[in-house]
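See below for my_file.cif, which holds mmCIF, C-alpha atoms and all ligand atoms.
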data_entry
#
loop_
_atom_site.label_atom_id
_atom_site.label_comp_id
_atom_site.auth_asym_id
_atom_site.auth_seq_id
_atom_site.Cartn_x
_atom_site.Cartn_y
_atom_site.Cartn_z
CA MET A 16 17.57 8.39 -4.95
CA ILE A 17 15.77 10.38 -7.56
CA LEU A 18 13.87 13.01 -5.58
CA THR A 19 16.82 13.80 -3.31
CA GLN A 20 19.10 14.08 -6.35
CA GLN A 21 16.67 16.53 -7.93
CA LEU A 22 16.61 18.53 -4.74
CA ASP A 23 20.41 18.53 -4.47
CA ARG A 24 20.65 19.96 -7.99
CA MET A 25 18.43 22.90 -7.05
CA ASP A 26 19.73 26.11 -5.48
CA ARG A 27 19.20 25.35 -1.79
CA ALA A 28 18.90 28.95 -0.61
CA ALA A 29 16.45 29.84 -3.39
CA THR A 30 14.27 26.79 -2.65
CA ALA A 31 14.28 27.52 1.08
CA SER A 32 13.27 31.12 0.55
CA ASP A 33 10.58 30.11 -1.98
CA LEU A 34 9.03 27.77 0.63
CA TYR A 35 9.06 30.57 3.16
CA GLU A 36 7.71 33.17 0.72
CA PHE A 37 4.81 30.93 -0.28
CA SER A 38 3.91 30.54 3.41
CA ALA A 39 4.10 34.32 3.80
CA LYS A 40 1.73 34.81 0.83
CA LEU A 41 -0.81 32.39 2.30
CA TYR A 42 -0.48 33.68 5.85
CA PRO A 43 -2.97 36.61 5.83
CA ILE A 44 -5.92 34.61 4.43
CA CYS A 45 -8.78 33.82 6.81
CA ARG A 46 -9.24 30.11 6.17
CA SER A 47 -11.75 27.77 7.73
CA ILE A 48 -13.12 24.27 7.09
CA THR A 49 -15.31 25.76 4.32
CA GLY A 50 -15.60 29.08 2.53
CA ASN A 51 -13.81 31.53 0.31
CA GLY A 52 -10.57 31.72 2.32
CA LEU A 53 -10.16 27.98 1.85
CA ARG A 54 -10.97 28.28 -1.88
CA GLN A 55 -8.54 31.16 -2.35
CA THR A 56 -5.81 29.06 -0.67
CA LEU A 57 -6.51 26.09 -2.95
CA ARG A 58 -6.39 28.37 -6.01
CA MET A 59 -3.02 29.73 -4.92
CA ILE A 60 -1.72 26.16 -4.61
CA GLN A 61 -3.25 25.53 -8.04
CA GLU A 62 -1.00 28.24 -9.50
CA ARG A 63 1.91 25.92 -8.65
CA ILE A 64 0.53 22.40 -9.19
CA PRO A 65 -2.45 21.12 -11.25
CA LEU A 66 -4.68 20.61 -8.23
CA GLU A 67 -8.25 19.49 -8.87
CA LEU A 68 -10.73 21.44 -6.74
CA GLN A 69 -13.61 19.42 -5.36
CA GLU A 70 -16.81 20.98 -3.99
CA VAL A 71 -19.11 18.89 -1.80
CA PRO A 72 -22.54 20.41 -0.95
CA SER A 73 -23.49 21.25 2.62
CA GLY A 74 -25.72 18.56 4.08
CA THR A 75 -23.99 15.69 2.24
CA GLN A 76 -23.75 12.64 4.47
CA VAL A 77 -20.08 11.57 4.76
CA LEU A 78 -19.51 8.45 6.85
CA ASP A 79 -20.95 9.31 10.30
CA TRP A 80 -20.74 13.07 9.65
CA THR A 81 -22.59 15.70 7.63
CA VAL A 82 -20.86 18.34 5.51
CA PRO A 83 -21.52 21.56 7.46
CA LYS A 84 -22.93 24.84 6.23
CA GLU A 85 -20.43 27.09 4.46
CA TRP A 86 -18.96 29.92 6.52
CA ASN A 87 -17.75 33.24 5.14
CA ILE A 88 -16.71 36.42 6.85
CA SER A 89 -16.00 39.91 5.52
CA ASP A 90 -15.51 41.99 8.64
CA ALA A 91 -15.79 41.97 12.42
CA TYR A 92 -15.07 44.46 15.16
CA VAL A 93 -15.80 45.65 18.67
CA LYS A 94 -16.23 49.42 18.99
CA ASP A 95 -16.08 51.33 22.24
CA SER A 96 -18.56 54.06 23.21
CA SER A 97 -16.60 56.62 21.19
CA GLY A 98 -16.96 54.50 18.05
CA ARG A 99 -13.29 53.47 17.93
CA ARG A 100 -12.51 49.93 16.78
CA ILE A 101 -10.82 48.37 19.80
CA VAL A 102 -10.88 44.87 18.27
CA ASP A 103 -10.45 44.65 14.51
CA PHE A 104 -10.71 41.48 12.39
CA GLN A 105 -8.94 43.35 9.57
CA LYS A 106 -5.80 43.56 11.70
CA CYS A 107 -5.79 39.92 12.84
CA ASN A 108 -8.25 37.25 11.73
CA LEU A 109 -7.63 35.24 14.92
CA HIS A 110 -9.69 37.91 16.74
CA VAL A 111 -12.89 36.16 15.64
CA VAL A 112 -13.85 32.69 16.81
CA ASN A 113 -13.71 30.77 13.53
CA TYR A 114 -17.25 29.86 12.35
CA SER A 115 -18.88 32.60 14.45
CA ILE A 116 -22.50 33.21 13.48
CA PRO A 117 -23.36 36.79 12.46
CA VAL A 118 -24.05 39.26 15.24
CA HIS A 119 -24.55 43.02 15.37
CA SER A 120 -25.65 44.56 18.67
CA ARG A 121 -24.75 46.77 21.60
CA MET A 122 -23.98 45.30 25.00
CA PRO A 123 -22.35 46.13 28.30
CA LEU A 124 -18.86 44.84 29.07
CA SER A 125 -20.26 42.14 31.37
CA GLU A 126 -22.21 40.63 28.46
CA LEU A 127 -19.33 41.02 25.97
CA LYS A 128 -16.95 39.26 28.37
CA LYS A 129 -19.01 36.06 28.09
CA HIS A 130 -17.88 35.92 24.46
CA ILE A 131 -14.21 36.81 24.93
CA HIS A 132 -11.46 34.16 24.93
CA THR A 133 -7.98 34.84 26.29
CA LEU A 134 -4.80 33.03 27.31
CA PRO A 135 -3.93 34.25 30.83
CA GLU A 136 -0.72 32.16 30.85
CA HIS A 137 0.56 34.17 27.85
CA PRO A 138 -1.00 37.60 28.48
CA ASP A 139 0.15 39.17 25.18
CA TRP A 140 -0.88 36.36 22.84
CA ILE A 141 -4.21 35.97 21.01
CA PRO A 142 -5.65 32.45 21.10
CA TYR A 143 -7.12 30.66 18.06
CA ARG A 144 -10.58 29.24 18.74
CA THR A 145 -13.20 27.56 16.57
CA SER A 146 -16.84 26.60 16.95
CA TYR A 147 -17.54 24.51 13.86
CA TYR A 148 -20.23 22.21 15.13
CA LYS A 149 -22.03 24.42 17.69
CA GLU A 150 -23.53 27.72 16.52
CA ASP A 151 -21.90 30.40 18.65
CA TRP A 152 -19.92 33.62 18.31
CA GLY A 153 -16.93 35.09 20.08
CA PHE A 154 -13.80 37.20 20.01
CA CYS A 155 -10.25 36.23 20.91
CA LEU A 156 -8.09 38.86 22.59
CA SER A 157 -4.82 38.99 24.41
CA TYR A 158 -5.42 38.70 28.14
CA ALA A 159 -3.71 42.07 28.72
CA HIS A 160 -6.09 43.71 26.24
CA ALA A 161 -9.20 42.05 27.66
CA VAL A 162 -8.51 43.09 31.27
CA SER A 163 -7.82 46.67 30.18
CA LEU A 164 -11.32 47.16 28.71
CA PRO A 165 -13.21 49.80 30.71
CA GLU A 166 -16.83 49.40 31.80
CA GLY A 167 -19.27 50.82 29.28
CA GLU A 168 -21.32 49.92 26.26
CA TYR A 169 -19.74 48.24 23.24
CA GLU A 170 -20.88 47.77 19.68
CA VAL A 171 -20.23 44.23 18.55
CA CYS A 172 -20.31 43.19 14.90
CA ILE A 173 -19.44 39.95 13.14
CA ASP A 174 -20.30 40.29 9.47
CA SER A 175 -20.29 36.60 8.64
CA SER A 176 -22.63 34.19 6.89
CA LEU A 177 -23.40 30.57 7.60
CA GLY A 178 -25.56 28.92 4.99
CA ASP A 179 -25.90 26.21 2.37
CA GLY A 180 -22.79 26.08 0.23
CA HIS A 181 -19.91 23.67 -0.20
CA LEU A 182 -16.91 22.09 1.46
CA SER A 183 -13.88 22.55 -0.79
CA TYR A 184 -10.73 20.47 -0.99
CA GLY A 185 -7.89 19.99 -3.42
CA GLU A 186 -6.62 16.72 -4.83
CA LEU A 187 -3.78 15.83 -7.18
CA LEU A 188 -2.94 12.36 -8.43
CA LEU A 189 0.44 11.87 -10.13
CA PRO A 190 0.21 8.41 -11.71
CA GLY A 191 3.21 6.10 -11.52
CA THR A 192 3.91 2.84 -13.30
CA SER A 193 1.91 1.08 -10.56
CA ASN A 194 -1.53 2.05 -9.28
CA HIS A 195 -0.35 1.47 -5.71
CA GLU A 196 -0.44 4.83 -4.04
CA ILE A 197 1.52 7.00 -1.65
CA LEU A 198 -0.76 9.49 0.12
CA ILE A 199 0.46 12.92 1.22
CA SER A 200 -2.15 14.83 3.17
CA CYS A 201 -2.19 18.19 4.93
CA HIS A 202 -4.89 20.35 6.43
CA VAL A 203 -5.65 23.74 4.92
CA CYS A 204 -8.29 25.07 7.31
CA HIS A 205 -6.36 27.24 9.77
CA PRO A 206 -6.39 31.02 9.33
CA SER A 207 -3.22 33.03 10.10
CA LEU A 208 -1.22 30.22 11.69
CA ALA A 209 2.12 29.33 10.21
CA ASN A 210 3.72 26.18 11.57
CA ASP A 211 0.43 24.44 12.17
CA ASN A 212 -0.97 24.54 8.68
CA LEU A 213 1.20 26.57 6.27
CA SER A 214 4.41 24.55 6.74
CA GLY A 215 2.61 21.36 5.67
CA ILE A 216 0.93 23.10 2.73
CA THR A 217 4.11 24.62 1.32
CA VAL A 218 6.24 21.48 1.73
CA ALA A 219 3.51 19.26 0.20
CA THR A 220 3.13 21.66 -2.75
CA ARG A 221 6.85 21.61 -3.43
CA LEU A 222 6.99 17.83 -3.06
CA ALA A 223 4.28 17.52 -5.71
CA GLN A 224 6.37 19.71 -8.04
CA LEU A 225 9.40 17.47 -7.42
CA VAL A 226 7.51 14.21 -7.92
CA ALA A 227 5.92 15.54 -11.12
CA LYS A 228 9.39 15.93 -12.66
CA THR A 229 10.43 12.31 -12.06
CA THR A 230 9.39 8.90 -13.28
CA HIS A 231 8.17 6.88 -10.34
CA ARG A 232 6.83 3.47 -9.49
CA TYR A 233 4.12 4.57 -7.05
CA SER A 234 1.24 6.86 -7.86
CA TYR A 235 1.27 9.88 -5.57
CA ARG A 236 -1.97 11.35 -4.23
CA PHE A 237 -1.78 14.78 -2.64
CA LEU A 238 -4.71 15.97 -0.53
CA PHE A 239 -5.15 19.54 0.69
CA ILE A 240 -8.16 19.21 2.95
CA PRO A 241 -9.88 20.87 5.88
CA GLY A 242 -9.00 19.01 9.09
CA THR A 243 -11.16 16.05 10.16
CA ILE A 244 -14.24 16.74 8.00
CA GLY A 245 -12.05 16.93 4.87
CA ALA A 246 -10.42 13.56 5.52
CA ILE A 247 -13.79 12.03 6.38
CA THR A 248 -15.31 13.49 3.21
CA TRP A 249 -12.48 12.19 1.03
CA LEU A 250 -12.61 8.71 2.59
CA SER A 251 -16.37 8.62 2.20
CA ARG A 252 -16.20 9.52 -1.49
CA ASN A 253 -13.17 7.39 -2.40
CA PRO A 254 -13.52 3.88 -0.97
CA GLU A 255 -11.78 2.33 -4.00
CA SER A 256 -8.86 4.77 -4.11
CA SER A 257 -8.30 4.36 -0.38
CA LYS A 258 -7.70 0.63 -0.93
CA ARG A 259 -4.78 1.45 -3.23
CA ILE A 260 -2.90 3.43 -0.54
CA ARG A 261 0.24 1.53 0.41
CA HIS A 262 1.98 4.28 2.41
CA GLY A 263 0.91 7.67 3.66
CA LEU A 264 2.10 10.73 5.51
CA VAL A 265 0.20 13.55 7.13
CA LEU A 266 2.44 16.63 7.13
CA THR A 267 2.00 19.27 9.81
CA CYS A 268 4.11 21.54 12.03
CA ILE A 269 7.24 20.92 9.95
CA GLY A 270 8.53 24.48 9.63
CA ASP A 271 9.84 25.31 13.10
CA ARG A 272 13.38 24.80 14.39
CA ASN A 273 12.75 21.65 16.44
CA SER A 274 13.98 18.12 15.60
CA PHE A 275 11.64 15.73 13.87
CA HIS A 276 8.88 13.76 15.54
CA TYR A 277 7.10 10.95 13.75
CA LYS A 278 3.85 9.51 15.00
CA LYS A 279 3.55 5.95 13.77
CA SER A 280 0.53 4.61 11.94
CA ARG A 281 -1.99 2.43 13.76
CA GLN A 282 -0.20 -0.58 12.24
CA GLU A 283 2.96 0.69 14.05
CA ASN A 284 5.35 -1.44 11.99
CA ALA A 285 4.13 -0.67 8.49
CA GLU A 286 6.70 -0.05 5.75
CA ILE A 287 6.10 3.72 6.03
CA ASP A 288 6.79 3.58 9.79
CA ARG A 289 10.03 1.71 9.19
CA ALA A 290 11.03 3.94 6.25
CA VAL A 291 10.55 7.14 8.27
CA ALA A 292 12.34 5.66 11.28
CA HIS A 293 15.29 4.66 9.07
CA VAL A 294 15.58 8.03 7.31
CA LEU A 295 15.35 9.96 10.59
CA LYS A 296 17.87 7.68 12.33
CA HIS A 297 20.44 8.50 9.65
CA SER A 298 19.59 12.20 9.22
CA ASP A 299 18.44 13.60 12.57
CA PRO A 300 19.94 11.93 15.66
CA SER A 301 17.57 13.90 17.93
CA ALA A 302 14.45 12.72 16.10
CA LYS A 303 11.86 10.88 18.16
CA LEU A 304 9.31 8.26 17.21
CA LEU A 305 5.91 8.43 18.88
CA PRO A 306 3.42 5.59 19.24
CA PHE A 307 0.08 5.78 17.47
CA SER A 308 -2.81 7.33 19.35
CA PRO A 309 -6.35 7.99 18.10
CA TYR A 310 -5.90 11.72 18.71
CA GLY A 311 -4.07 14.25 16.55
CA TYR A 312 -4.49 15.21 12.90
CA ASP A 313 -6.00 13.41 9.94
CA GLU A 314 -4.03 10.21 10.51
CA ARG A 315 -6.87 9.59 12.99
CA GLN A 316 -9.31 9.22 10.12
CA PHE A 317 -6.99 7.30 7.78
CA CYS A 318 -6.09 4.99 10.69
CA SER A 319 -9.67 4.46 11.89
CA PRO A 320 -10.14 0.69 12.22
CA GLY A 321 -12.39 0.32 9.17
CA PHE A 322 -9.67 1.78 6.91
CA ASN A 323 -6.55 1.02 8.99
CA LEU A 324 -4.32 2.63 6.38
CA PRO A 325 -0.55 2.78 6.89
CA VAL A 326 -0.50 6.55 7.38
CA GLY A 327 1.74 8.26 9.94
CA CYS A 328 2.22 11.90 10.86
CA LEU A 329 5.49 13.75 10.32
CA MET A 330 6.10 16.81 12.51
CA ARG A 331 8.93 18.80 13.99
CA SER A 332 7.31 20.26 17.13
CA VAL A 333 4.40 18.08 18.14
CA TRP A 334 0.96 19.70 17.76
CA GLY A 335 -0.55 20.79 21.05
CA THR A 336 2.75 20.77 22.92
CA PHE A 337 4.68 23.85 21.75
CA PRO A 338 3.69 27.07 23.52
CA GLU A 339 2.87 28.97 20.30
CA TYR A 340 0.46 26.24 19.13
CA HIS A 341 -2.97 27.69 18.20
CA THR A 342 -2.00 31.24 19.15
CA SER A 343 -1.01 34.43 17.37
CA MET A 344 2.63 33.52 18.08
CA ASP A 345 2.47 30.66 15.59
CA ASN A 346 3.32 33.30 13.01
CA LEU A 347 5.91 33.67 10.26
CA HIS A 348 8.67 34.23 12.84
CA LEU A 349 8.23 30.65 13.98
CA LEU A 350 8.97 29.38 10.46
CA ASP A 351 12.57 28.78 9.48
CA PRO A 352 13.41 28.49 5.75
CA GLU A 353 16.17 25.97 6.59
CA SER A 354 13.70 23.83 8.52
CA LEU A 355 11.22 23.92 5.65
CA ILE A 356 13.80 22.71 3.14
CA GLY A 357 15.08 20.18 5.69
CA SER A 358 11.55 18.80 5.97
CA LEU A 359 11.22 18.69 2.20
CA LYS A 360 14.47 16.74 2.00
CA VAL A 361 13.40 14.23 4.64
CA CYS A 362 10.13 13.63 2.75
CA ALA A 363 12.10 13.20 -0.49
CA SER A 364 14.41 10.67 1.22
CA ILE A 365 11.43 8.73 2.59
CA PHE A 366 9.79 8.47 -0.84
CA ASP A 367 13.10 7.61 -2.52
CA LEU A 368 13.47 4.78 -0.02
CA LEU A 369 9.95 3.48 -0.65
CA GLU A 370 10.50 3.69 -4.42
CA SER A 371 13.73 1.65 -4.21
CA ASN A 372 12.71 -0.82 -1.54
CA ARG A 373 12.64 -4.13 -3.39
CA ARG A 374 13.48 -7.76 -2.88
CA PHE A 375 16.27 -9.58 -4.69
CA LYS A 376 17.38 -13.17 -4.91
CA ASN A 377 21.01 -14.22 -4.65
CA LEU A 378 21.89 -16.28 -7.74
CA ALA A 379 25.03 -17.73 -6.10
CA PRO A 380 23.76 -18.60 -2.63
CA PHE A 381 26.00 -21.62 -1.97
CA GLY A 382 29.05 -20.26 -0.19
CA GLU A 383 30.12 -16.68 -0.64
CA PRO A 384 30.70 -15.71 -4.27
CA GLN A 385 34.28 -14.65 -4.88
CA LEU A 386 34.02 -10.86 -4.93
CA GLY A 387 37.62 -10.05 -5.92
CA ARG A 388 37.36 -12.00 -9.18
CA ARG A 389 34.32 -9.87 -10.14
CA GLY A 390 35.89 -6.55 -9.16
CA LEU A 391 33.51 -6.33 -6.19
CA TYR A 392 36.08 -6.24 -3.43
CA PRO A 393 36.18 -2.52 -2.57
CA SER A 394 39.58 -0.94 -3.13
CA MET A 395 41.12 0.51 0.00
CA GLY A 396 41.09 3.93 -1.69
CA GLY A 397 37.28 4.08 -1.73
CA ILE A 398 35.29 6.47 0.43
CA SER A 399 34.26 3.83 2.93
CA PRO A 400 35.53 0.47 1.69
CA GLU A 401 34.54 -1.33 4.87
CA LYS A 402 30.93 -0.12 4.66
CA GLU A 403 30.77 -1.01 0.96
CA LEU A 404 32.07 -4.52 1.64
CA HIS A 405 29.65 -5.03 4.51
CA ALA A 406 26.76 -3.76 2.36
CA ARG A 407 27.64 -6.24 -0.41
CA LEU A 408 28.00 -9.16 1.99
CA TRP A 409 24.77 -8.35 3.84
CA THR A 410 22.88 -7.82 0.58
CA LEU A 411 24.10 -11.14 -0.81
CA ASN A 412 23.39 -12.96 2.41
CA LEU A 413 19.86 -11.71 3.01
CA SER A 414 18.70 -11.54 -0.60
CA ASP A 415 16.74 -14.75 -0.48
CA GLY A 416 13.62 -13.33 -2.09
CA ASN A 417 12.03 -12.65 1.31
CA HIS A 418 14.06 -9.77 2.71
CA SER A 419 13.63 -6.29 1.31
CA LEU A 420 16.50 -3.83 1.03
CA LEU A 421 15.02 -2.02 4.05
CA ASP A 422 15.12 -5.30 6.02
CA ILE A 423 18.78 -5.56 5.08
CA ALA A 424 19.54 -1.95 6.02
CA GLU A 425 17.80 -2.34 9.37
CA ARG A 426 19.51 -5.63 10.20
CA SER A 427 22.98 -4.51 9.10
CA GLY A 428 22.70 -1.03 10.63
CA LEU A 429 23.84 0.42 7.29
CA PRO A 430 22.16 3.39 5.60
CA PHE A 431 19.56 2.35 3.03
CA ASP A 432 21.23 4.16 0.13
CA ILE A 433 24.49 2.19 0.57
CA VAL A 434 22.55 -1.10 0.63
CA CYS A 435 20.57 0.03 -2.40
CA GLU A 436 23.73 0.94 -4.35
CA SER A 437 25.30 -2.41 -3.52
CA ALA A 438 22.16 -4.26 -4.69
CA GLU A 439 22.27 -2.38 -8.01
CA LEU A 440 25.93 -3.25 -8.47
CA LEU A 441 25.42 -6.93 -7.58
CA PHE A 442 22.46 -7.01 -9.96
CA GLN A 443 24.60 -5.58 -12.77
CA LYS A 444 27.28 -8.20 -12.05
CA GLY A 445 24.72 -10.97 -12.39
CA LEU A 446 24.77 -12.04 -8.74
CA LEU A 447 21.23 -10.88 -7.95
CA ALA A 448 17.89 -11.20 -9.70
CA THR A 449 14.83 -9.12 -8.86
CA ALA A 450 12.32 -11.04 -6.77
CA ASP A 451 9.28 -8.75 -6.90
ZN ZN A 501 -4.30 23.03 14.49
#
Starting from the file, lay out its structure as structure tokens.
Amino acid sequence: MILTQQLDRMDRAATASDLYEFSAKLYPICRSITGNGLRQTLRMIQERIPLELQEVPSGTQVLDWTVPKEWNISDAYVKDSSGRRIVDFQKCNLHVVNYSIPVHSRMPLSELKKHIHTLPEHPDWIPYRTSYYKEDWGFCLSYAHAVSLPEGEYEVCIDSSLGDGHLSYGELLLPGTSNHEILISCHVCHPSLANDNLSGITVATRLAQLVAKTTHRYSYRFLFIPGTIGAITWLSRNPESSKRIRHGLVLTCIGDRNSFHYKKSRQENAEIDRAVAHVLKHSDPSAKLLPFSPYGYDERQFCSPGFNLPVGCLMRSVWGTFPEYHTSMDNLHLLDPESLIGSLKVCASIFDLLESNRRFKNLAPFGEPQLGRRGLYPSMGGISPEKELHARLWTLNLSDGNHSLLDIAERSGLPFDIVCESAELLFQKGLLATAD
């Protein structure tokens, strides 16, 4: 239980507020699937972990896709006839449809309205819209603002550029004693949106710091990538590395106050699916498991049939279902420092479980070995003598070289860490041998 122990030794309040503060620092940046906002974000992550920045030229063929042109933006506004900025990108970067082509012209309200996006069901919120793969431009306004615009002529300006450049992503490999890998992936392409984007980034960054301080069996690969095209680009460039992935998690929407939701991998019963289910069952009774579907975040790419990697998606509120999703209300108020550290702890518990999940073989399988003679009969003064005894008996009984400690925990209904402790003790007493 190495990562969780590390975390328990840290000042909880300080760690929680650091996670929140890092999100707050990243919040104002106008990110996209390419461009300087994305690069600036990766460099800020790089100040905390030794991330390698990769740059892939526009036009590069990646699987069935092509790396798009690079998009950058410096300013955008709508001015009324008196020259007053009535929509200002500098105040909120969600005002501009992400990937808008440059435009500078005057037009009547009727023409401008064709390029305005609103959310009538939440009249005070600004929606987040993108147009990555179709050249277009637009503004996003609150519905109340849009309907209040008087007739007249407006000056419209989007000072953006769309041209040959690069797609950037960040990658960090922390080698373990084995080259089998655990993948942690999060998207870094959303502008000022907190739960959907920043929560995953900050928790993944902190996890990398934690893992870097421990010795571990698995190699850990952290990806900070633009959604969809980033995962496709990485998979296209790393066919060999992808074969070494044994378990993977996409982290998103893990900073709000909701209970956990875990979307299973395409394999549905992979070790990662079972590990997450086990950790959540014993830590968050309200957590829900969701079946795999080929829609969602980058697990879609990792779980495409040609790769079929055991990669699930850990969330609190489920993307697309909470009202603030992809709106200006997914802001720093939606993030809860306690939820961020809770998510970090759940991830640490999942990786601790995977690190310790091994098979043993009972060296005294004929009849039950006499526990009392070996000092293995729990004293009645222990914390939970009955659980300890059950864990020892289950571990002895199922350790036939085929059942893993997770198999034993699932079948006995006992928490994994109690089964793991009992296996270590039985191993020390010479009753178990390692079987893998
Ligand atoms: Zn999103």
Minimum-distance residue to Arg221 in chain A, chosen among A:Pro430, A:Arg46, A:Asp422, A:Ile60 (using all atoms listed in the file):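 That would be A:Ile60, the residue with the smallest distance to Arg221 in chain A.
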Atom pair CA of Ser371 in chain A / CA of Ala290 in chain A: separation (Å):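 One can read the CA of Ser371 in chain A to CA of Ala290 in chain A distance as 11.0 Å.
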Can you pull out every residue with an atom within 9 Å of ligand ZN 501 (chain A)? Use all atoms listed in the file and format it as an mmCIF file with C-alpha atoms, in the frame of the given file.
data_model
loop_
_atom_site.group_PDB
_atom_site.id
_atom_site.type_symbol
_atom_site.label_atom_id
_atom_site.label_comp_id
_atom_site.auth_asym_id
_atom_site.auth_seq_id
_atom_site.Cartn_x
_atom_site.Cartn_y
_atom_site.Cartn_z
ATOM 1 C CA TYR A 143 -7.120 30.660 18.060
ATOM 2 C CA HIS A 202 -4.890 20.350 6.430
ATOM 3 C CA CYS A 204 -8.290 25.070 7.310
ATOM 4 C CA HIS A 205 -6.360 27.240 9.770
ATOM 5 C CA LEU A 208 -1.220 30.220 11.690
ATOM 6 C CA ASP A 211 0.430 24.440 12.170
ATOM 7 C CA ASN A 212 -0.970 24.540 8.680
ATOM 8 C CA GLY A 242 -9.000 19.010 9.090
ATOM 9 C CA THR A 267 2.000 19.270 9.810
ATOM 10 C CA CYS A 268 4.110 21.540 12.030
ATOM 11 C CA TYR A 312 -4.490 15.210 12.900
ATOM 12 C CA TRP A 334 0.960 19.700 17.760
ATOM 13 C CA GLY A 335 -0.550 20.790 21.050
ATOM 14 C CA TYR A 340 0.460 26.240 19.130
ATOM 15 C CA HIS A 341 -2.970 27.690 18.200
#
Can you tell me which residues surround Leu411 in chain A at a distance of at most 9 Å, considering only C-alpha atoms, apart from same-chain residues fewer than 4 positions away, and format the answer as a PyMOL selection string? chain A and resi 375-380+383-384+406-407+415+438+441+446-447
Keeping only C-alpha atoms, write the selected residues as a PDB file, keeping the file's coordinate frame.
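Below is the file again_4.pdb, written as the result:
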ATOM      1  CA  PHE A 375      16.270  -9.580  -4.690  1.00  0.00           C
ATOM      2  CA  LYS A 376      17.380 -13.170  -4.910  1.00  0.00           C
ATOM      3  CA  ASN A 377      21.010 -14.220  -4.650  1.00  0.00           C
ATOM      4  CA  LEU A 378      21.890 -16.280  -7.740  1.00  0.00           C
ATOM      5  CA  ALA A 379      25.030 -17.730  -6.100  1.00  0.00           C
ATOM      6  CA  PRO A 380      23.760 -18.600  -2.630  1.00  0.00           C
ATOM      7  CA  GLU A 383      30.120 -16.680  -0.640  1.00  0.00           C
ATOM      8  CA  PRO A 384      30.700 -15.710  -4.270  1.00  0.00           C
ATOM      9  CA  ALA A 406      26.760  -3.760   2.360  1.00  0.00           C
ATOM     10  CA  ARG A 407      27.640  -6.240  -0.410  1.00  0.00           C
ATOM     11  CA  ASP A 415      16.740 -14.750  -0.480  1.00  0.00           C
ATOM     12  CA  ALA A 438      22.160  -4.260  -4.690  1.00  0.00           C
ATOM     13  CA  LEU A 441      25.420  -6.930  -7.580  1.00  0.00           C
ATOM     14  CA  LEU A 446      24.770 -12.040  -8.740  1.00  0.00           C
ATOM     15  CA  LEU A 447      21.230 -10.880  -7.950  1.00  0.00           C
TER      16      LEU A 447
END
Non-local contacts of Ile17 in chain A (10 Å; all atoms listed in the file; under 6 positions in same chain excluded) as a tab-separated table (two decimals) with C-alpha atoms, keeping the file's coordinate frame:
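Generated output (part-v4.tsv):
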chain	number	residue	atom	x	y	z
A	23	ASP	CA	20.41	18.53	-4.47
A	225	LEU	CA	9.40	17.47	-7.42
A	226	VAL	CA	7.51	14.21	-7.92
A	228	LYS	CA	9.39	15.93	-12.66
A	229	THR	CA	10.43	12.31	-12.06
A	230	THR	CA	9.39	8.90	-13.28
A	231	HIS	CA	8.17	6.88	-10.34
A	363	ALA	CA	12.10	13.20	-0.49
A	364	SER	CA	14.41	10.67	1.22
A	366	PHE	CA	9.79	8.47	-0.84
A	367	ASP	CA	13.10	7.61	-2.52
A	368	LEU	CA	13.47	4.78	-0.02
A	370	GLU	CA	10.50	3.69	-4.42
A	371	SER	CA	13.73	1.65	-4.21
Looking at A:Ala29, A:Ala302, A:Leu420, A:Ala223, which one is nearest to Ser332 in chain A, with distances taken over all atoms listed in the file?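 Ranked by minimum distance to Ser332 in chain A, first place goes to A:Ala302.
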Work out how far CA of Ser280 in chain A is from CA of Pro206 in chain A, in Å to one decimal. 27.4 Å
Determine the nearest neighbour of His160 in chain A from the options A:Asp179, A:Tyr147, A:Thr133, A:Ser200, counting only C-alpha atoms.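 Answer, going by the shortest atom-to-atom distance: A:Thr133.
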Could you tell me how far CA of Ser32 in chain A sits from CA of Thr342 in chain A, in Å to one decimal place? 24.1 Å
Which residues come within 12 Å of Asn108 in chain A, counting all atoms listed in the file, excluding same-chain residues fewer than 6 positions away, as a VMD selection string? chain A and resid 42 to 47 52 88 to 92 102 114 to 115 141 to 145 154 to 156 173 205 to 208 342 to 343
Using only C-alpha atoms, which residues sit within 7 Å of Leu189 in chain A once same-chain residues fewer than 2 positions away are excluded, as JSON, numbers by chain? {"A": [187, 191, 227, 234, 235, 236]}
Check the smallest atom-to-atom distance from each of A:Tyr184, A:Phe239, A:Tyr310, A:Trp152 to Pro72 in chain A using all atoms listed in the file, then report the winner.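 That would be A:Tyr184, the residue with the smallest distance to Pro72 in chain A.
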Pick the closest to Pro65 in chain A from A:Asn346, A:Ser298, A:Thr220, A:Gln21: which is it, counting only C-alpha atoms?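 Among A:Asn346, A:Ser298, A:Thr220, A:Gln21, it is A:Thr220 that comes nearest to Pro65 in chain A.
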Please return as a list in words every residue within 6 Å of (-22.5, 34.3, 5.4), taking into account all atoms listed in the file and the file's own coordinates.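 Protein and nucleic acid residues near the point are Trp86, Asn87, Ser175, Ser176 and Leu177 of chain A.
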Just the selected residues (C-alpha atoms), exported as an mmCIF file, keeping the file's coordinate frame, please.
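Result file is selection.cif:
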data_model
loop_
_atom_site.group_PDB
_atom_site.id
_atom_site.type_symbol
_atom_site.label_atom_id
_atom_site.label_comp_id
_atom_site.auth_asym_id
_atom_site.auth_seq_id
_atom_site.Cartn_x
_atom_site.Cartn_y
_atom_site.Cartn_z
ATOM 1 C CA TRP A 86 -18.960 29.920 6.520
ATOM 2 C CA ASN A 87 -17.750 33.240 5.140
ATOM 3 C CA SER A 175 -20.290 36.600 8.640
ATOM 4 C CA SER A 176 -22.630 34.190 6.890
ATOM 5 C CA LEU A 177 -23.400 30.570 7.600
#
